[in-house]
>>> print(open('target14.cif').read())   # mmCIF, C-alpha atoms
data_structure
loop_
_atom_site.group_PDB
_atom_site.id
_atom_site.type_symbol
_atom_site.label_atom_id
_atom_site.label_comp_id
_atom_site.auth_asym_id
_atom_site.auth_seq_id
_atom_site.Cartn_x
_atom_site.Cartn_y
_atom_site.Cartn_z
ATOM 1 C CA MET A 217 37.425 4.210 14.394
ATOM 2 C CA LEU A 218 37.043 0.910 16.218
ATOM 3 C CA GLN A 219 35.037 2.619 18.923
ATOM 4 C CA SER A 220 32.660 4.073 16.311
ATOM 5 C CA LYS A 221 32.157 0.630 14.746
ATOM 6 C CA HIS A 222 31.477 -0.819 18.184
ATOM 7 C CA ILE A 223 28.879 1.886 18.908
ATOM 8 C CA LEU A 224 27.152 1.336 15.567
ATOM 9 C CA SER A 225 27.202 -2.423 16.091
ATOM 10 C CA GLU A 226 25.682 -2.014 19.543
ATOM 11 C CA MET A 227 22.995 0.345 18.228
ATOM 12 C CA PHE A 228 22.101 -2.090 15.459
ATOM 13 C CA ARG A 229 21.935 -4.990 17.914
ATOM 14 C CA ASN A 230 19.662 -2.995 20.236
ATOM 15 C CA PHE A 231 17.450 -2.049 17.299
ATOM 16 C CA VAL A 232 17.117 -5.692 16.183
ATOM 17 C CA ASN A 233 16.305 -6.756 19.759
ATOM 18 C CA PHE A 234 13.718 -3.984 19.991
ATOM 19 C CA THR A 235 11.975 -4.985 16.744
ATOM 20 C CA ASN A 236 12.060 -8.641 17.799
ATOM 21 C CA LYS A 237 10.365 -7.716 21.057
ATOM 22 C CA TYR A 238 7.826 -5.363 19.445
ATOM 23 C CA LYS A 239 7.122 -6.981 16.082
ATOM 24 C CA VAL A 240 4.549 -4.346 15.169
ATOM 25 C CA ILE A 241 7.425 -1.849 14.847
ATOM 26 C CA ARG A 242 9.113 -4.113 12.295
ATOM 27 C CA GLY A 243 5.964 -4.121 10.175
ATOM 28 C CA MET A 244 5.514 -0.357 10.525
ATOM 29 C CA ILE A 245 9.075 0.273 9.341
ATOM 30 C CA SER A 246 8.608 -2.121 6.415
ATOM 31 C CA TYR A 247 5.447 -0.375 5.252
ATOM 32 C CA GLY A 248 6.914 3.074 5.893
ATOM 33 C CA MET A 249 9.809 2.252 3.539
ATOM 34 C CA LEU A 250 8.079 0.151 0.877
ATOM 35 C CA TRP A 251 4.972 2.255 0.263
ATOM 36 C CA PRO A 252 6.895 5.313 -0.974
ATOM 37 C CA CYS A 253 8.838 2.893 -3.189
ATOM 38 C CA GLY A 254 5.513 1.949 -4.774
ATOM 39 C CA SER A 255 4.834 5.631 -5.411
ATOM 40 C CA LEU A 256 8.268 6.093 -6.982
ATOM 41 C CA ILE A 257 7.719 3.092 -9.270
ATOM 42 C CA GLU A 258 4.425 4.559 -10.473
ATOM 43 C CA GLN A 259 5.942 8.002 -10.983
ATOM 44 C CA THR A 260 8.841 6.515 -12.945
ATOM 45 C CA VAL A 261 6.950 4.048 -15.134
ATOM 46 C CA ILE A 262 3.617 5.815 -15.640
ATOM 47 C CA GLU A 263 4.293 9.521 -15.176
ATOM 48 C CA LYS A 264 7.797 9.312 -16.743
ATOM 49 C CA ARG A 265 9.303 11.403 -13.959
ATOM 50 C CA THR A 266 12.995 11.481 -13.129
ATOM 51 C CA PHE A 267 14.927 12.101 -9.923
ATOM 52 C CA GLN A 268 14.742 15.841 -10.535
ATOM 53 C CA THR A 269 10.978 15.843 -11.096
ATOM 54 C CA TYR A 270 9.735 13.272 -8.569
ATOM 55 C CA ASP A 271 6.885 14.426 -6.334
ATOM 56 C CA TRP A 272 8.719 13.824 -3.058
ATOM 57 C CA MET A 273 5.855 15.096 -0.917
ATOM 58 C CA LYS A 274 3.671 12.414 -2.458
ATOM 59 C CA CYS A 275 6.269 9.855 -1.363
ATOM 60 C CA VAL A 276 6.192 11.304 2.145
ATOM 61 C CA ARG A 277 2.407 10.941 2.272
ATOM 62 C CA PHE A 278 2.660 7.325 1.140
ATOM 63 C CA SER A 279 5.325 6.668 3.767
ATOM 64 C CA LEU A 280 3.236 8.194 6.568
ATOM 65 C CA PHE A 281 0.174 6.193 5.585
ATOM 66 C CA GLY A 282 2.184 2.994 5.319
ATOM 67 C CA PHE A 283 3.904 3.531 8.669
ATOM 68 C CA PHE A 284 1.026 4.771 10.816
ATOM 69 C CA PHE A 285 -1.937 2.959 9.240
ATOM 70 C CA MET A 286 -0.990 -0.097 7.192
ATOM 71 C CA GLY A 287 1.776 -1.364 9.481
ATOM 72 C CA PRO A 288 -0.283 -1.476 12.698
ATOM 73 C CA THR A 289 -3.577 -2.587 11.118
ATOM 74 C CA ILE A 290 -2.131 -5.440 9.055
ATOM 75 C CA TYR A 291 -0.183 -6.583 12.131
ATOM 76 C CA VAL A 292 -3.381 -6.695 14.193
ATOM 77 C CA TRP A 293 -5.250 -8.485 11.410
ATOM 78 C CA ILE A 294 -2.575 -11.163 10.964
ATOM 79 C CA ARG A 295 -2.446 -11.776 14.715
ATOM 80 C CA LEU A 296 -6.243 -11.995 14.862
ATOM 81 C CA ALA A 297 -6.369 -14.354 11.878
ATOM 82 C CA GLY A 298 -3.745 -16.547 13.529
ATOM 83 C CA CYS A 299 -5.903 -16.810 16.649
ATOM 84 C CA MET A 300 -9.065 -17.561 14.671
ATOM 85 C CA TRP A 301 -7.401 -20.135 12.400
ATOM 86 C CA PRO A 302 -4.251 -21.388 14.171
ATOM 87 C CA ARG A 303 -3.585 -24.144 11.640
ATOM 88 C CA THR A 304 -1.490 -23.475 8.523
ATOM 89 C CA ASP A 305 -3.137 -25.916 6.117
ATOM 90 C CA ILE A 306 -4.543 -24.734 2.782
ATOM 91 C CA LYS A 307 -8.162 -24.766 3.991
ATOM 92 C CA SER A 308 -7.417 -22.510 6.976
ATOM 93 C CA SER A 309 -5.261 -20.250 4.808
ATOM 94 C CA LEU A 310 -8.081 -19.853 2.291
ATOM 95 C CA CYS A 311 -10.480 -18.976 5.113
ATOM 96 C CA LYS A 312 -8.069 -16.281 6.329
ATOM 97 C CA ALA A 313 -7.589 -14.886 2.829
ATOM 98 C CA ILE A 314 -11.320 -14.780 2.034
ATOM 99 C CA THR A 315 -12.146 -13.195 5.385
ATOM 100 C CA GLU A 316 -9.464 -10.579 4.811
ATOM 101 C CA GLN A 317 -10.886 -9.771 1.406
ATOM 102 C CA THR A 318 -14.378 -9.251 2.782
ATOM 103 C CA ALA A 319 -13.531 -7.592 6.111
ATOM 104 C CA TYR A 320 -10.099 -5.933 6.096
ATOM 105 C CA ASP A 321 -9.402 -4.933 2.479
ATOM 106 C CA PRO A 322 -12.523 -2.759 1.938
ATOM 107 C CA MET A 323 -11.567 -0.774 5.037
ATOM 108 C CA ALA A 324 -7.917 -0.514 3.949
ATOM 109 C CA ILE A 325 -8.709 0.635 0.384
ATOM 110 C CA SER A 326 -11.318 3.144 1.561
ATOM 111 C CA SER A 327 -8.953 4.510 4.206
ATOM 112 C CA PHE A 328 -6.142 4.875 1.669
ATOM 113 C CA LEU A 329 -8.280 6.833 -0.779
ATOM 114 C CA PHE A 330 -9.866 8.923 1.973
ATOM 115 C CA PHE A 331 -6.826 9.875 4.048
ATOM 116 C CA MET A 332 -4.454 10.314 1.119
ATOM 117 C CA THR A 333 -6.924 12.786 -0.379
ATOM 118 C CA LEU A 334 -7.084 14.695 2.908
ATOM 119 C CA MET A 335 -3.286 14.740 3.143
ATOM 120 C CA GLU A 336 -3.189 16.287 -0.328
ATOM 121 C CA GLY A 337 -5.001 19.279 1.153
ATOM 122 C CA ASN A 338 -8.462 18.477 -0.213
ATOM 123 C CA THR A 339 -11.739 18.763 1.672
ATOM 124 C CA PHE A 340 -13.724 16.117 3.520
ATOM 125 C CA ASP A 341 -16.271 16.053 0.674
ATOM 126 C CA ASP A 342 -13.460 15.588 -1.858
ATOM 127 C CA ALA A 343 -12.181 12.622 0.161
ATOM 128 C CA LYS A 344 -15.633 11.018 0.235
ATOM 129 C CA ARG A 345 -16.003 11.537 -3.512
ATOM 130 C CA GLU A 346 -12.583 9.969 -4.071
ATOM 131 C CA VAL A 347 -13.708 6.818 -2.264
ATOM 132 C CA SER A 348 -16.995 6.747 -4.137
ATOM 133 C CA ASP A 349 -15.342 7.141 -7.545
ATOM 134 C CA LYS A 350 -12.362 4.812 -7.184
ATOM 135 C CA PHE A 351 -13.091 2.182 -4.538
ATOM 136 C CA LEU A 352 -14.884 -0.327 -6.755
ATOM 137 C CA ASP A 353 -12.238 -0.343 -9.508
ATOM 138 C CA ALA A 354 -9.470 -0.989 -6.981
ATOM 139 C CA TYR A 355 -11.451 -3.573 -5.030
ATOM 140 C CA LYS A 356 -12.256 -5.654 -8.136
ATOM 141 C CA VAL A 357 -8.538 -6.157 -8.754
ATOM 142 C CA GLY A 358 -7.888 -6.784 -5.063
ATOM 143 C CA VAL A 359 -10.456 -9.588 -5.038
ATOM 144 C CA ILE A 360 -8.115 -11.563 -7.298
ATOM 145 C CA TYR A 361 -4.740 -10.291 -6.106
ATOM 146 C CA TRP A 362 -4.887 -10.462 -2.310
ATOM 147 C CA PRO A 363 -6.457 -13.905 -1.801
ATOM 148 C CA CYS A 364 -3.639 -15.427 -3.896
ATOM 149 C CA VAL A 365 -0.958 -13.522 -1.968
ATOM 150 C CA GLN A 366 -2.360 -14.187 1.479
ATOM 151 C CA THR A 367 -3.100 -17.859 0.881
ATOM 152 C CA VAL A 368 0.603 -18.376 0.161
ATOM 153 C CA ASN A 369 1.506 -16.118 3.096
ATOM 154 C CA PHE A 370 -0.633 -17.891 5.679
ATOM 155 C CA ALA A 371 0.174 -21.367 4.383
ATOM 156 C CA PHE A 372 3.941 -21.241 3.867
ATOM 157 C CA VAL A 373 5.471 -18.159 5.553
ATOM 158 C CA PRO A 374 6.447 -18.339 9.261
ATOM 159 C CA ALA A 375 4.226 -16.175 11.465
ATOM 160 C CA ARG A 376 7.113 -13.890 12.481
ATOM 161 C CA ASN A 377 7.704 -12.926 8.821
ATOM 162 C CA GLN A 378 4.123 -12.685 7.568
ATOM 163 C CA VAL A 379 3.850 -8.909 7.987
ATOM 164 C CA ILE A 380 7.120 -8.370 6.088
ATOM 165 C CA PHE A 381 6.013 -10.777 3.324
ATOM 166 C CA THR A 382 2.734 -8.907 3.019
ATOM 167 C CA SER A 383 4.494 -5.536 2.991
ATOM 168 C CA PHE A 384 6.421 -6.415 -0.188
ATOM 169 C CA PHE A 385 3.256 -7.312 -2.081
ATOM 170 C CA SER A 386 1.617 -4.284 -0.535
ATOM 171 C CA MET A 387 4.271 -2.194 -2.293
ATOM 172 C CA CYS A 388 3.170 -3.739 -5.602
ATOM 173 C CA TRP A 389 -0.426 -3.039 -4.632
ATOM 174 C CA THR A 390 0.472 0.556 -3.779
ATOM 175 C CA THR A 391 1.969 0.980 -7.247
ATOM 176 C CA PHE A 392 -1.345 -0.187 -8.689
ATOM 177 C CA LEU A 393 -3.361 2.205 -6.495
ATOM 178 C CA ALA A 394 -1.140 5.097 -7.537
ATOM 179 C CA TYR A 395 -1.625 4.016 -11.161
ATOM 180 C CA VAL A 396 -5.416 3.972 -10.778
ATOM 181 C CA LYS A 397 -5.329 7.444 -9.269
ATOM 182 C CA PHE A 398 -3.127 8.730 -12.090
ATOM 183 C CA LEU A 399 -5.512 7.351 -14.725
ATOM 184 C CA GLN A 400 -8.444 9.015 -12.986
ATOM 185 C CA LEU A 401 -6.632 12.353 -13.121
ATOM 186 C CA HIS A 402 -5.519 11.878 -16.733
ATOM 187 C CA PRO A 403 -8.337 10.105 -18.611
ATOM 188 C CA PRO A 404 -7.521 8.876 -22.126
ATOM 189 C CA VAL A 405 -8.639 11.173 -24.947
ATOM 190 C CA ASP A 406 -11.317 9.857 -27.280
ATOM 191 C CA VAL A 407 -9.750 10.726 -30.642
ATOM 192 C CA ASP A 408 -12.968 10.645 -32.656
ATOM 193 C CA HIS A 409 -14.922 12.827 -30.244
ATOM 194 C CA HIS A 410 -11.935 15.148 -29.860
ATOM 195 C CA ALA A 411 -11.793 15.627 -33.625
ATOM 196 C CA VAL A 412 -15.543 16.294 -33.794
ATOM 197 C CA ASP A 413 -15.275 18.909 -31.056
ATOM 198 C CA ILE A 414 -12.433 20.692 -32.866
ATOM 199 C CA HIS A 415 -14.386 20.640 -36.129
ATOM 200 C CA PHE A 416 -17.438 22.058 -34.350
ATOM 201 C CA LEU A 417 -15.386 24.891 -32.861
ATOM 202 C CA GLU A 418 -13.856 25.713 -36.236
ATOM 203 C CA MET A 419 -17.348 26.065 -37.707
#
>>> encode(input="target14.cif", output="structure tokens")
Amino acid sequence: MLQSKHILSEMFRNFVNFTNKYKVIRGMISYGMLWPCGSLIEQTVIEKRTFQTYDWMKCVRFSLFGFFFMGPTIYVWIRLAGCMWPRTDIKSSLCKAITEQTAYDPMAISSFLFFMTLMEGNTFDDAKREVSDKFLDAYKVGVIYWPCVQTVNFAFVPARNQVIFTSFFSMCWTTFLAYVKFLQLHPPVDVDHHAVDIHFLEM
């Protein structure tokens, strides 16, 4: 028993040392765990699913995208922004946040819509149409959301924890993206027009 605890303790210590040495791995793990959480929140609150009816493959797709795309790219962006604006005052933080909104976020949103559609088994043309139909709606919300988050992040959060800080708010953002996609697939019914159509069919 003691030997097992010692082995687990040693493994955990080695893992912590590894993630401290390669900080990109820490961010990848954070995104790989938090993004499927965003999907589960959307499925629970919006789709009214339960544990028995969750779309687990959807969660897997979110996890893969978070781990292999968001983790590495946001790590590179934060490192690049730190080199371009090494100071942590409000002015520099605003510059980082605005640059991210105009340079990084459009690429990230487009990539999410595009690759998630491909991972669902749809065609290349379907993926392009998904970006065309849904990018602008998501980006308009991101224009307000991400500059506020990243200004706080760059101004007050230590550099070693900025990717993890961003990953939490990225989970909230993922919930929103999943919500937007759900609304696109289940548009609200116009009651008046629906009634007219039924009346027309009855005639």
>>> residues_around(input="target14.cif", residues="range 240-242 of chain A", least_positions_apart="5", cutoff="9 Å", atoms="all atoms listed in the file", output="NGL selection string")
:A and (234-235 or 247 or 283 or 287-288 or 291-292 or 379-380)
>>> resolve_selection(input="target14.cif", expression="the PyMOL selection byres ((chain A and resi 286) around 10)", output="ChimeraX atom specification")
/A:243-244,246-248,251,279-285,287-292,324,327-328,383,386
>>> axis_aligned_box(input="target14.cif", around="range 374-389 of chain A", padding_each_side="4 Å", output="lines of an AutoDock Vina configuration file")
center_x = 3.6
center_y = -10.3
center_z = 3.4
size_x = 16.1
size_y = 24.1
size_z = 26.1
>>> atom_distance(input="target14.cif", atom1="CA of Lys264 in chain A", atom2="CA of Leu352 in chain A")
26.6 Å
>>> atom_distance(input="target14.cif", atom1="CA of Phe370 in chain A", atom2="CA of Ala297 in chain A")
9.2 Å
>>> residues_around(input="target14.cif", residues="range 356-362 of chain A", least_positions_apart="4", cutoff="9 Å", atoms="only C-alpha atoms", output="PyMOL selection string")
chain A and resi 313-314+316-318+321+351-352+366-367+385+389
